[in-house]
Amino acid sequence: MSNNGKAAKSFVAEAAIISVSNFAVKLVGVLFKIPLADQLGEYMGIFNAAYSIYAMLFMISTSGLPVAVSKLVAVSAERGRRREATEVFRTCALTFGAIGLVCSLGMFFGAELICELTAHRGAEAAMRVISPTLFIICITASIRGYFQGLRKMVPTAVSNFIEAVLKLILGLGGAAFAASRGWSGPVQAAFAVSGISVGVIVGTVYLGICYYRQRNSGIPDTDTTVTPRNKLVKNALGVAIPVTLAGSALYFSTFFDTVVINNRLIWSGFTEDMADKLYTAYTTLAISISDLVPSTLVYPIALSILPAMSAALEGKRHREVRGYIHSSIRISGIIAIPSAFGLAVLSRPVIQMIYFGSLSKEITLLDGSTVMPIDVGAASLSILSFGIIFLSLMSTTNALLHSYGKNFRPVLSIGVGIVLLIVSETHLIGIPSVGIYGAPIASLICYLTATLLNMHAVRKASGMKLNPIKLFGKPTICAALCAAAAFGGYSLSKLFVEETTRLGNVVMFLFGVIPGVLVYVVTMLACGGITASEVRLLPFGHRLAAIFIKLGFLKENAQ
């Protein structure tokens with residue numbers, strides 16, 4: 001295998017560790033939200049409102065920190081500067097810990113004002129309970145960035161899983177306890193949020209133990225040079241600030257939903273109660289599912305590609321750099337495109353399978369007709385599903401641009417997208433015939449714009465052509481056939497499977513997914529949409545490639 005192949009295999013192996021962890025975390029998250037939605041019912045909107053605002057401030061606190069630490073530690077390790085790598089971690093933890101403390105205090109003491117401005121009264125207690133994690137997570141992010149810079153993904157994966165499990169056990173347990181005492185819905189939501197806070201604390205303790213035991217391991221000590229602390233702070237901020245701005249801007253779409261949706265729906269004629277039910281259906285049933293594929297399977301590629309690219313660029317290994325760029329973008333598209341097409345046609349059985357029986361109260365529209373929350377969620381998810389493609393590519397190209405030192409280009413890209421989001425969402429939701437569906441349409445416009453601008457910037461920085469037709473043409477055609485097969489299988493299952501039970505919806509979902517996956521794999525192999533070297537980058541890829549080559553579906557290629 002060539003150096004390109006070995007380099008690409010290395011970063012995808014690291015990404016696979018995070019992918020497995022993220023899948024487990026998302027699975028636990030689903031197991032958390034299903035019974036929580038059943039228990040909180042209409043008060044689930046309070047939980048979502050508190051969590052979305054927390055997520056916004058969380059991104060401000062930590063989105064840039066692990067990226068900055070990861071990149072600087074990777075460069076120090078490449079130079080053989082063990083002491084400098086340790087100093088990077090300490091400096092960043094102190095610097096960004098202060099930022100996290102400010103965000104924690106702001107959310108705790110400003111909870112009432114935030115709830116008043118966003119028309120989500122009752123979420124104050126939940127916001128205060130979750131606010132301390134904004135400080136604690138900065139320490140967590142510092143340690144994760146240190147290990148990621150050394151390309152050690154296990155500590156991050158395990159700590160993520162610890163946080164998720166404790167969120168499930170303590171969050172559901174706390175909500176059930178509050179309900180058993182007859183306390184109000186907002187108090188139950190606050191107890192549910194407490195599981196997140198405790199999970200973050202325990203996950204941080206685990207990472208601290210890992211750091212104490214493994215610090216400096218794997219870093220050569222051939223250069224005792226240590227960059228002065230003030231310069232390290234400057235370098236860290238030079239990476240962290242633009243990354244934070246880009247990450248915060250991306251989460252701003254969710255935050256903007258919290259601020260705008262209810263207010264605009266009320267302005268267009270809905271009552272406050274009906275507006276909140278539409279918001280709850282959209283955020284609970286659609287948004288939570290639309291992010292599953294990118295965060296589980298594609299974001300880890302960006303997490304792993306940054307330190308790998310930074311080290312290769314520092315060592316001036318240009319051929320290896322080109323291999324990273326091509327492999328990361330191609331694999332992102334090969335995963336994201338069929339996922340988007342498939343989810344678009346299977347949105348209803350997916351929601352029914354996960355949230356069966358939740359949010360069962362009818363929603364009255366302006367014309368007097370009524371819809372069920374599942375109707376709102378399924379239609380919204382079908383629109384949002386195509387955002388999987390753009391979110392995935394945006395995540396990967398963000399990491400590539402950061403590795404080139406083009407830290408403010410993603411900020412520019414997402415900034416332009418956010419402007420279009422604000423304009424389009426504010427306008428569309430106010431149109432009675434569009435209403436709540438203006439939110440996913442506006443998000444799609446935002447993600448598409450940012451992705452196109454990012455791809456242009458990567459082409460310019462790398463000098464590579466990156467023709468989208470050559471990169472994604474065949475996967476897109478195969479994904480369309482995959483979606484047709486999935487919809488056909490799902491439609492066929494409706495003839496003999498009842499959708500009145502969760503098991504029935506699982507069966508219907510499988511009748512759509514299985515033929516869809518088979519059609520995608522077969523058509524990709526038949527039209528040469530994936531090469532043997534690319535198959536080897538996938539989980540169990542070497543075994544799959546050997547089987548496909550033996551059967552004549554693939555030809556050996558040198559890349």
# chains A, B, ... in the order shown; residues from 1 in each chain; ligands from 1
$ select_by_dssp --residues "stretch 286-435 of chain A" --states "helix (DSSP H, G or I)" --output "tab-separated table (two decimals) with N, CA and C atoms, in the first residue's frame"
chain	number	residue	atom	x	y	z
A	286	ALA	N	-37.77	16.09	14.65
A	286	ALA	CA	-37.00	16.25	13.41
A	286	ALA	C	-35.53	16.57	13.66
A	287	ILE	N	-35.26	17.63	14.42
A	287	ILE	CA	-33.87	18.08	14.58
A	287	ILE	C	-33.02	17.01	15.24
A	288	SER	N	-33.55	16.36	16.27
A	288	SER	CA	-32.75	15.38	17.00
A	288	SER	C	-32.33	14.21	16.12
A	289	ILE	N	-33.12	13.88	15.10
A	289	ILE	CA	-32.80	12.75	14.23
A	289	ILE	C	-31.92	13.18	13.06
A	290	SER	N	-32.12	14.40	12.56
A	290	SER	CA	-31.39	14.84	11.37
A	290	SER	C	-29.89	14.91	11.59
A	292	LEU	N	-28.13	12.73	13.45
A	292	LEU	CA	-27.57	11.45	13.85
A	292	LEU	C	-26.45	10.99	12.94
A	293	VAL	N	-26.66	11.05	11.62
A	293	VAL	CA	-25.65	10.54	10.69
A	293	VAL	C	-24.39	11.40	10.69
A	294	PRO	N	-24.49	12.75	10.52
A	294	PRO	CA	-23.25	13.53	10.52
A	294	PRO	C	-22.46	13.39	11.82
A	295	SER	N	-23.12	13.50	12.96
A	295	SER	CA	-22.40	13.47	14.22
A	295	SER	C	-21.84	12.09	14.53
A	296	THR	N	-22.47	11.05	14.02
A	296	THR	CA	-22.04	9.69	14.32
A	296	THR	C	-20.97	9.19	13.36
A	297	LEU	N	-21.15	9.43	12.07
A	297	LEU	CA	-20.29	8.81	11.07
A	297	LEU	C	-19.33	9.77	10.36
A	298	VAL	N	-19.67	11.05	10.27
A	298	VAL	CA	-18.87	11.96	9.46
A	298	VAL	C	-18.05	12.94	10.30
A	299	TYR	N	-18.62	13.49	11.36
A	299	TYR	CA	-17.85	14.43	12.19
A	299	TYR	C	-16.54	13.81	12.69
A	300	PRO	N	-16.51	12.51	13.02
A	300	PRO	CA	-15.23	11.92	13.44
A	300	PRO	C	-14.15	12.01	12.37
A	301	ILE	N	-14.54	12.05	11.09
A	301	ILE	CA	-13.55	12.21	10.04
A	301	ILE	C	-12.85	13.55	10.18
A	302	ALA	N	-13.64	14.60	10.43
A	302	ALA	CA	-13.06	15.92	10.64
A	302	ALA	C	-12.20	15.96	11.88
A	303	LEU	N	-12.63	15.28	12.93
A	303	LEU	CA	-11.89	15.23	14.19
A	303	LEU	C	-10.52	14.60	13.99
A	304	SER	N	-10.44	13.58	13.16
A	304	SER	CA	-9.19	12.86	12.94
A	304	SER	C	-8.32	13.49	11.86
A	305	ILE	N	-8.95	14.14	10.88
A	305	ILE	CA	-8.18	14.66	9.76
A	305	ILE	C	-7.36	15.88	10.15
A	306	LEU	N	-7.80	16.67	11.12
A	306	LEU	CA	-7.10	17.90	11.47
A	306	LEU	C	-5.69	17.66	11.98
A	307	PRO	N	-5.48	16.84	13.04
A	307	PRO	CA	-4.09	16.62	13.47
A	307	PRO	C	-3.26	15.90	12.43
A	308	ALA	N	-3.88	14.99	11.67
A	308	ALA	CA	-3.14	14.27	10.63
A	308	ALA	C	-2.67	15.22	9.53
A	309	MET	N	-3.56	16.08	9.07
A	309	MET	CA	-3.22	17.07	8.05
A	309	MET	C	-2.18	18.07	8.57
A	310	SER	N	-2.35	18.53	9.81
A	310	SER	CA	-1.42	19.51	10.38
A	310	SER	C	-0.02	18.94	10.45
A	311	ALA	N	0.10	17.68	10.88
A	311	ALA	CA	1.42	17.04	10.96
A	311	ALA	C	2.02	16.85	9.57
A	312	ALA	N	1.19	16.44	8.59
A	312	ALA	CA	1.70	16.22	7.23
A	312	ALA	C	2.15	17.53	6.59
A	313	LEU	N	1.40	18.60	6.81
A	313	LEU	CA	1.79	19.91	6.28
A	313	LEU	C	3.07	20.42	6.95
A	314	GLU	N	3.18	20.19	8.26
A	314	GLU	CA	4.39	20.60	8.98
A	314	GLU	C	5.61	19.86	8.44
A	318	HIS	N	3.58	16.52	0.88
A	318	HIS	CA	2.49	17.04	0.04
A	318	HIS	C	1.64	15.94	-0.58
A	319	ARG	N	2.26	14.83	-0.95
A	319	ARG	CA	1.49	13.74	-1.54
A	319	ARG	C	0.52	13.16	-0.49
A	320	GLU	N	1.01	13.05	0.73
A	320	GLU	CA	0.16	12.57	1.82
A	320	GLU	C	-1.00	13.53	2.07
A	321	VAL	N	-0.72	14.83	1.96
A	321	VAL	CA	-1.76	15.85	2.15
A	321	VAL	C	-2.86	15.68	1.11
A	322	ARG	N	-2.46	15.50	-0.15
A	322	ARG	CA	-3.46	15.33	-1.20
A	322	ARG	C	-4.30	14.08	-0.97
A	323	GLY	N	-3.65	13.02	-0.45
A	323	GLY	CA	-4.40	11.80	-0.14
A	323	GLY	C	-5.43	12.04	0.95
A	324	TYR	N	-5.05	12.81	1.98
A	324	TYR	CA	-5.99	13.12	3.05
A	324	TYR	C	-7.20	13.90	2.52
A	325	ILE	N	-6.93	14.90	1.69
A	325	ILE	CA	-8.00	15.75	1.17
A	325	ILE	C	-8.99	14.92	0.35
A	326	HIS	N	-8.45	14.17	-0.60
A	326	HIS	CA	-9.31	13.38	-1.47
A	326	HIS	C	-10.10	12.34	-0.68
A	327	SER	N	-9.42	11.62	0.19
A	327	SER	CA	-10.07	10.54	0.93
A	327	SER	C	-11.15	11.07	1.87
A	328	SER	N	-10.85	12.14	2.60
A	328	SER	CA	-11.81	12.65	3.58
A	328	SER	C	-13.07	13.18	2.91
A	329	ILE	N	-12.92	13.91	1.80
A	329	ILE	CA	-14.09	14.45	1.11
A	329	ILE	C	-14.91	13.34	0.45
A	330	ARG	N	-14.22	12.40	-0.20
A	330	ARG	CA	-14.92	11.31	-0.87
A	330	ARG	C	-15.70	10.45	0.12
A	331	ILE	N	-15.04	10.04	1.21
A	331	ILE	CA	-15.70	9.17	2.19
A	331	ILE	C	-16.87	9.90	2.83
A	332	SER	N	-16.71	11.20	3.10
A	332	SER	CA	-17.82	11.97	3.67
A	332	SER	C	-19.04	11.92	2.76
A	333	GLY	N	-18.81	12.12	1.47
A	333	GLY	CA	-19.92	12.10	0.51
A	333	GLY	C	-20.53	10.72	0.34
A	334	ILE	N	-19.68	9.69	0.28
A	334	ILE	CA	-20.16	8.33	0.08
A	334	ILE	C	-21.07	7.90	1.23
A	335	ILE	N	-20.79	8.39	2.44
A	335	ILE	CA	-21.63	8.07	3.60
A	335	ILE	C	-22.86	8.96	3.66
A	336	ALA	N	-22.66	10.26	3.45
A	336	ALA	CA	-23.73	11.22	3.71
A	336	ALA	C	-24.83	11.22	2.65
A	337	ILE	N	-24.48	11.09	1.38
A	337	ILE	CA	-25.46	11.23	0.30
A	337	ILE	C	-26.57	10.17	0.37
A	338	PRO	N	-26.22	8.87	0.45
A	338	PRO	CA	-27.32	7.88	0.56
A	338	PRO	C	-28.09	8.01	1.87
A	339	SER	N	-27.41	8.42	2.94
A	339	SER	CA	-28.11	8.61	4.21
A	339	SER	C	-29.18	9.69	4.08
A	340	ALA	N	-28.85	10.78	3.39
A	340	ALA	CA	-29.79	11.87	3.20
A	340	ALA	C	-30.99	11.44	2.35
A	341	PHE	N	-30.72	10.79	1.24
A	341	PHE	CA	-31.80	10.36	0.35
A	341	PHE	C	-32.70	9.33	1.05
A	342	GLY	N	-32.06	8.39	1.76
A	342	GLY	CA	-32.85	7.37	2.44
A	342	GLY	C	-33.72	7.93	3.54
A	343	LEU	N	-33.16	8.86	4.35
A	343	LEU	CA	-33.93	9.44	5.44
A	343	LEU	C	-35.08	10.29	4.91
A	344	ALA	N	-34.89	10.91	3.75
A	344	ALA	CA	-35.95	11.74	3.17
A	344	ALA	C	-37.21	10.93	2.90
A	345	VAL	N	-37.05	9.69	2.44
A	345	VAL	CA	-38.23	8.88	2.11
A	345	VAL	C	-38.70	8.02	3.28
A	347	SER	N	-38.62	9.14	6.58
A	347	SER	CA	-38.69	10.00	7.76
A	347	SER	C	-39.80	9.58	8.72
A	348	ARG	N	-40.95	9.23	8.17
A	348	ARG	CA	-42.09	8.88	9.04
A	348	ARG	C	-41.84	7.59	9.85
A	349	PRO	N	-41.46	6.47	9.20
A	349	PRO	CA	-41.22	5.26	10.01
A	349	PRO	C	-40.05	5.43	10.99
A	350	VAL	N	-39.06	6.26	10.64
A	350	VAL	CA	-37.95	6.49	11.57
A	350	VAL	C	-38.46	7.17	12.84
A	351	ILE	N	-39.27	8.22	12.66
A	351	ILE	CA	-39.81	8.93	13.83
A	351	ILE	C	-40.74	8.02	14.62
A	352	GLN	N	-41.60	7.28	13.92
A	352	GLN	CA	-42.53	6.38	14.59
A	352	GLN	C	-41.79	5.30	15.37
A	353	MET	N	-40.69	4.83	14.80
A	353	MET	CA	-39.91	3.78	15.45
A	353	MET	C	-39.25	4.30	16.74
A	354	ILE	N	-38.76	5.55	16.69
A	354	ILE	CA	-38.02	6.10	17.83
A	354	ILE	C	-38.95	6.71	18.87
A	355	TYR	N	-39.91	7.51	18.39
A	355	TYR	CA	-40.75	8.28	19.32
A	355	TYR	C	-42.20	7.80	19.33
A	373	PRO	N	-48.46	15.73	15.65
A	373	PRO	CA	-47.03	16.09	15.69
A	373	PRO	C	-46.16	15.26	14.74
A	374	ILE	N	-46.52	13.97	14.55
A	374	ILE	CA	-45.75	13.12	13.65
A	374	ILE	C	-45.79	13.66	12.23
A	375	ASP	N	-46.92	14.26	11.83
A	375	ASP	CA	-47.03	14.83	10.49
A	375	ASP	C	-46.07	16.00	10.32
A	376	VAL	N	-46.02	16.87	11.32
A	376	VAL	CA	-45.10	18.01	11.28
A	376	VAL	C	-43.66	17.54	11.30
A	377	GLY	N	-43.37	16.58	12.19
A	377	GLY	CA	-42.00	16.10	12.32
A	377	GLY	C	-41.51	15.39	11.07
A	378	ALA	N	-42.35	14.55	10.46
A	378	ALA	CA	-41.93	13.79	9.28
A	378	ALA	C	-41.66	14.71	8.09
A	379	ALA	N	-42.54	15.66	7.85
A	379	ALA	CA	-42.33	16.58	6.74
A	379	ALA	C	-41.07	17.43	6.96
A	380	SER	N	-40.88	17.89	8.19
A	380	SER	CA	-39.69	18.70	8.50
A	380	SER	C	-38.42	17.87	8.34
A	381	LEU	N	-38.46	16.62	8.79
A	381	LEU	CA	-37.28	15.77	8.70
A	381	LEU	C	-36.93	15.44	7.25
A	382	SER	N	-37.93	15.28	6.40
A	382	SER	CA	-37.66	15.04	4.98
A	382	SER	C	-36.90	16.20	4.36
A	383	ILE	N	-37.23	17.41	4.77
A	383	ILE	CA	-36.50	18.58	4.27
A	383	ILE	C	-35.11	18.64	4.87
A	384	LEU	N	-35.02	18.48	6.19
A	384	LEU	CA	-33.74	18.58	6.89
A	384	LEU	C	-32.76	17.49	6.48
A	387	GLY	N	-29.84	18.25	4.46
A	387	GLY	CA	-28.78	18.98	5.14
A	387	GLY	C	-27.66	18.07	5.61
A	388	ILE	N	-27.92	16.76	5.72
A	388	ILE	CA	-26.88	15.80	6.10
A	388	ILE	C	-25.69	15.91	5.15
A	389	ILE	N	-25.98	16.04	3.87
A	389	ILE	CA	-24.91	16.12	2.87
A	389	ILE	C	-24.05	17.35	3.12
A	390	PHE	N	-24.69	18.49	3.27
A	390	PHE	CA	-23.95	19.74	3.38
A	390	PHE	C	-23.28	19.89	4.74
A	391	LEU	N	-23.94	19.43	5.80
A	391	LEU	CA	-23.32	19.47	7.12
A	391	LEU	C	-22.07	18.59	7.16
A	392	SER	N	-22.14	17.43	6.53
A	392	SER	CA	-21.01	16.51	6.53
A	392	SER	C	-19.82	17.10	5.78
A	393	LEU	N	-20.09	17.60	4.58
A	393	LEU	CA	-19.01	18.18	3.78
A	393	LEU	C	-18.47	19.46	4.42
A	394	MET	N	-19.35	20.22	5.04
A	394	MET	CA	-18.90	21.44	5.71
A	394	MET	C	-17.99	21.11	6.88
A	395	SER	N	-18.32	20.07	7.63
A	395	SER	CA	-17.49	19.66	8.76
A	395	SER	C	-16.10	19.24	8.29
A	396	THR	N	-16.05	18.43	7.25
A	396	THR	CA	-14.77	17.95	6.74
A	396	THR	C	-13.94	19.08	6.15
A	397	THR	N	-14.56	19.94	5.34
A	397	THR	CA	-13.80	21.04	4.73
A	397	THR	C	-13.39	22.08	5.76
A	398	ASN	N	-14.18	22.25	6.83
A	398	ASN	CA	-13.74	23.12	7.92
A	398	ASN	C	-12.39	22.66	8.47
A	399	ALA	N	-12.28	21.35	8.75
A	399	ALA	CA	-11.05	20.80	9.30
A	399	ALA	C	-9.89	20.96	8.32
A	400	LEU	N	-10.15	20.74	7.04
A	400	LEU	CA	-9.09	20.90	6.05
A	400	LEU	C	-8.59	22.35	6.00
A	401	LEU	N	-9.51	23.29	6.05
A	401	LEU	CA	-9.12	24.71	6.02
A	401	LEU	C	-8.35	25.10	7.28
A	402	HIS	N	-8.76	24.58	8.44
A	402	HIS	CA	-8.04	24.88	9.67
A	402	HIS	C	-6.62	24.33	9.61
A	403	SER	N	-6.44	23.16	9.02
A	403	SER	CA	-5.10	22.58	8.93
A	403	SER	C	-4.19	23.42	8.03
A	409	ARG	N	-11.73	31.38	7.08
A	409	ARG	CA	-12.55	31.07	5.90
A	409	ARG	C	-13.85	30.36	6.27
A	410	PRO	N	-13.83	29.34	7.16
A	410	PRO	CA	-15.11	28.74	7.58
A	410	PRO	C	-16.03	29.75	8.25
A	411	VAL	N	-15.44	30.73	8.96
A	411	VAL	CA	-16.26	31.76	9.60
A	411	VAL	C	-16.98	32.58	8.54
A	412	LEU	N	-16.25	32.94	7.49
A	412	LEU	CA	-16.87	33.69	6.39
A	412	LEU	C	-17.97	32.87	5.73
A	413	SER	N	-17.69	31.60	5.49
A	413	SER	CA	-18.67	30.74	4.80
A	413	SER	C	-19.96	30.60	5.61
A	414	ILE	N	-19.81	30.23	6.88
A	414	ILE	CA	-21.01	30.03	7.69
A	414	ILE	C	-21.67	31.37	8.02
A	415	GLY	N	-20.86	32.45	8.07
A	415	GLY	CA	-21.43	33.78	8.31
A	415	GLY	C	-22.39	34.19	7.21
A	416	VAL	N	-21.97	33.95	5.96
A	416	VAL	CA	-22.86	34.24	4.83
A	416	VAL	C	-24.11	33.37	4.91
A	417	GLY	N	-23.91	32.08	5.26
A	417	GLY	CA	-25.06	31.19	5.39
A	417	GLY	C	-26.02	31.63	6.47
A	418	ILE	N	-25.48	32.12	7.60
A	418	ILE	CA	-26.32	32.56	8.70
A	418	ILE	C	-27.15	33.78	8.31
A	419	VAL	N	-26.54	34.68	7.56
A	419	VAL	CA	-27.30	35.86	7.11
A	419	VAL	C	-28.51	35.42	6.28
A	420	LEU	N	-28.28	34.47	5.37
A	420	LEU	CA	-29.38	33.96	4.57
A	420	LEU	C	-30.40	33.21	5.43
A	421	LEU	N	-29.91	32.51	6.46
A	421	LEU	CA	-30.80	31.82	7.39
A	421	LEU	C	-31.73	32.80	8.09
A	422	ILE	N	-31.16	33.88	8.62
A	422	ILE	CA	-31.96	34.86	9.35
A	422	ILE	C	-33.04	35.46	8.46
A	423	VAL	N	-32.63	35.86	7.27
A	423	VAL	CA	-33.57	36.50	6.35
A	423	VAL	C	-34.67	35.52	5.91
A	424	SER	N	-34.25	34.33	5.49
A	424	SER	CA	-35.22	33.38	4.95
A	424	SER	C	-36.14	32.81	6.03
A	425	GLU	N	-35.59	32.48	7.21
A	425	GLU	CA	-36.44	31.89	8.26
A	425	GLU	C	-37.45	32.91	8.78
A	426	THR	N	-36.99	34.13	9.02
A	426	THR	CA	-37.90	35.16	9.51
A	426	THR	C	-39.04	35.40	8.52
A	427	HIS	N	-38.70	35.41	7.24
A	427	HIS	CA	-39.72	35.65	6.21
A	427	HIS	C	-40.62	34.43	6.03
A	428	LEU	N	-40.04	33.24	5.90
A	428	LEU	CA	-40.83	32.06	5.54
A	428	LEU	C	-41.80	31.64	6.63
A	429	ILE	N	-41.35	31.67	7.90
A	429	ILE	CA	-42.25	31.23	8.96
A	429	ILE	C	-43.46	32.15	9.08
A	435	GLY	N	-45.28	28.45	7.25
A	435	GLY	CA	-45.27	28.27	8.70
A	435	GLY	C	-44.01	27.62	9.23
$ select_by_dssp --residues "stretch 303-549 of chain A" --states "strand (DSSP E or B)" --output "list in words"
Ile363, Thr364, Thr370 and Val371 of chain A
$ write_last_selection --atoms "C-alpha atoms" --output "CSV table (one decimal), in the first residue's frame"
chain,number,residue,atom,x,y,z
A,363,ILE,CA,-52.2,20.7,16.7
A,364,THR,CA,-54.8,23.1,15.3
A,370,THR,CA,-55.7,19.7,12.7
A,371,VAL,CA,-52.4,17.7,12.3
$ residues_around --residues "stretch 198-214 of chain A" --least-positions-apart "3" --cutoff "7 Å" --atoms "only C-alpha atoms" --output "PyMOL selection string"
chain A and resi 133+136-137+140+143+155+159+162-164+166-167+194-195+217
$ atom_distance --atom1 "atom CA of A:Ala24" --atom2 "atom CA of A:Phe161"
7.0 Å
$ closest_residue --among "A:Thr86, A:Ser52, A:Ser142, A:Gln39" --to "A:Ser180" --atoms "only C-alpha atoms"
A:Gln39
$ residues_around --residues "stretch 145-148 of chain A" --least-positions-apart "3" --cutoff "6 Å" --atoms "only C-alpha atoms" --output "NGL selection string"
:A and (66 or 69-70 or 141-142 or 151-153)
$ closest_residue --among "A:Ile547, A:Leu245, A:Leu168, A:Met107" --to "A:Pro35" --atoms "only C-alpha atoms"
A:Leu168
$ closest_residue --among "A:Leu492, A:Met524, A:Ala236, A:Ala123" --to "A:Leu510" --atoms "only C-alpha atoms"
A:Leu492
$ atom_distance --atom1 "atom CA of A:Ala77" --atom2 "atom CA of A:Asn230"
19.7 Å
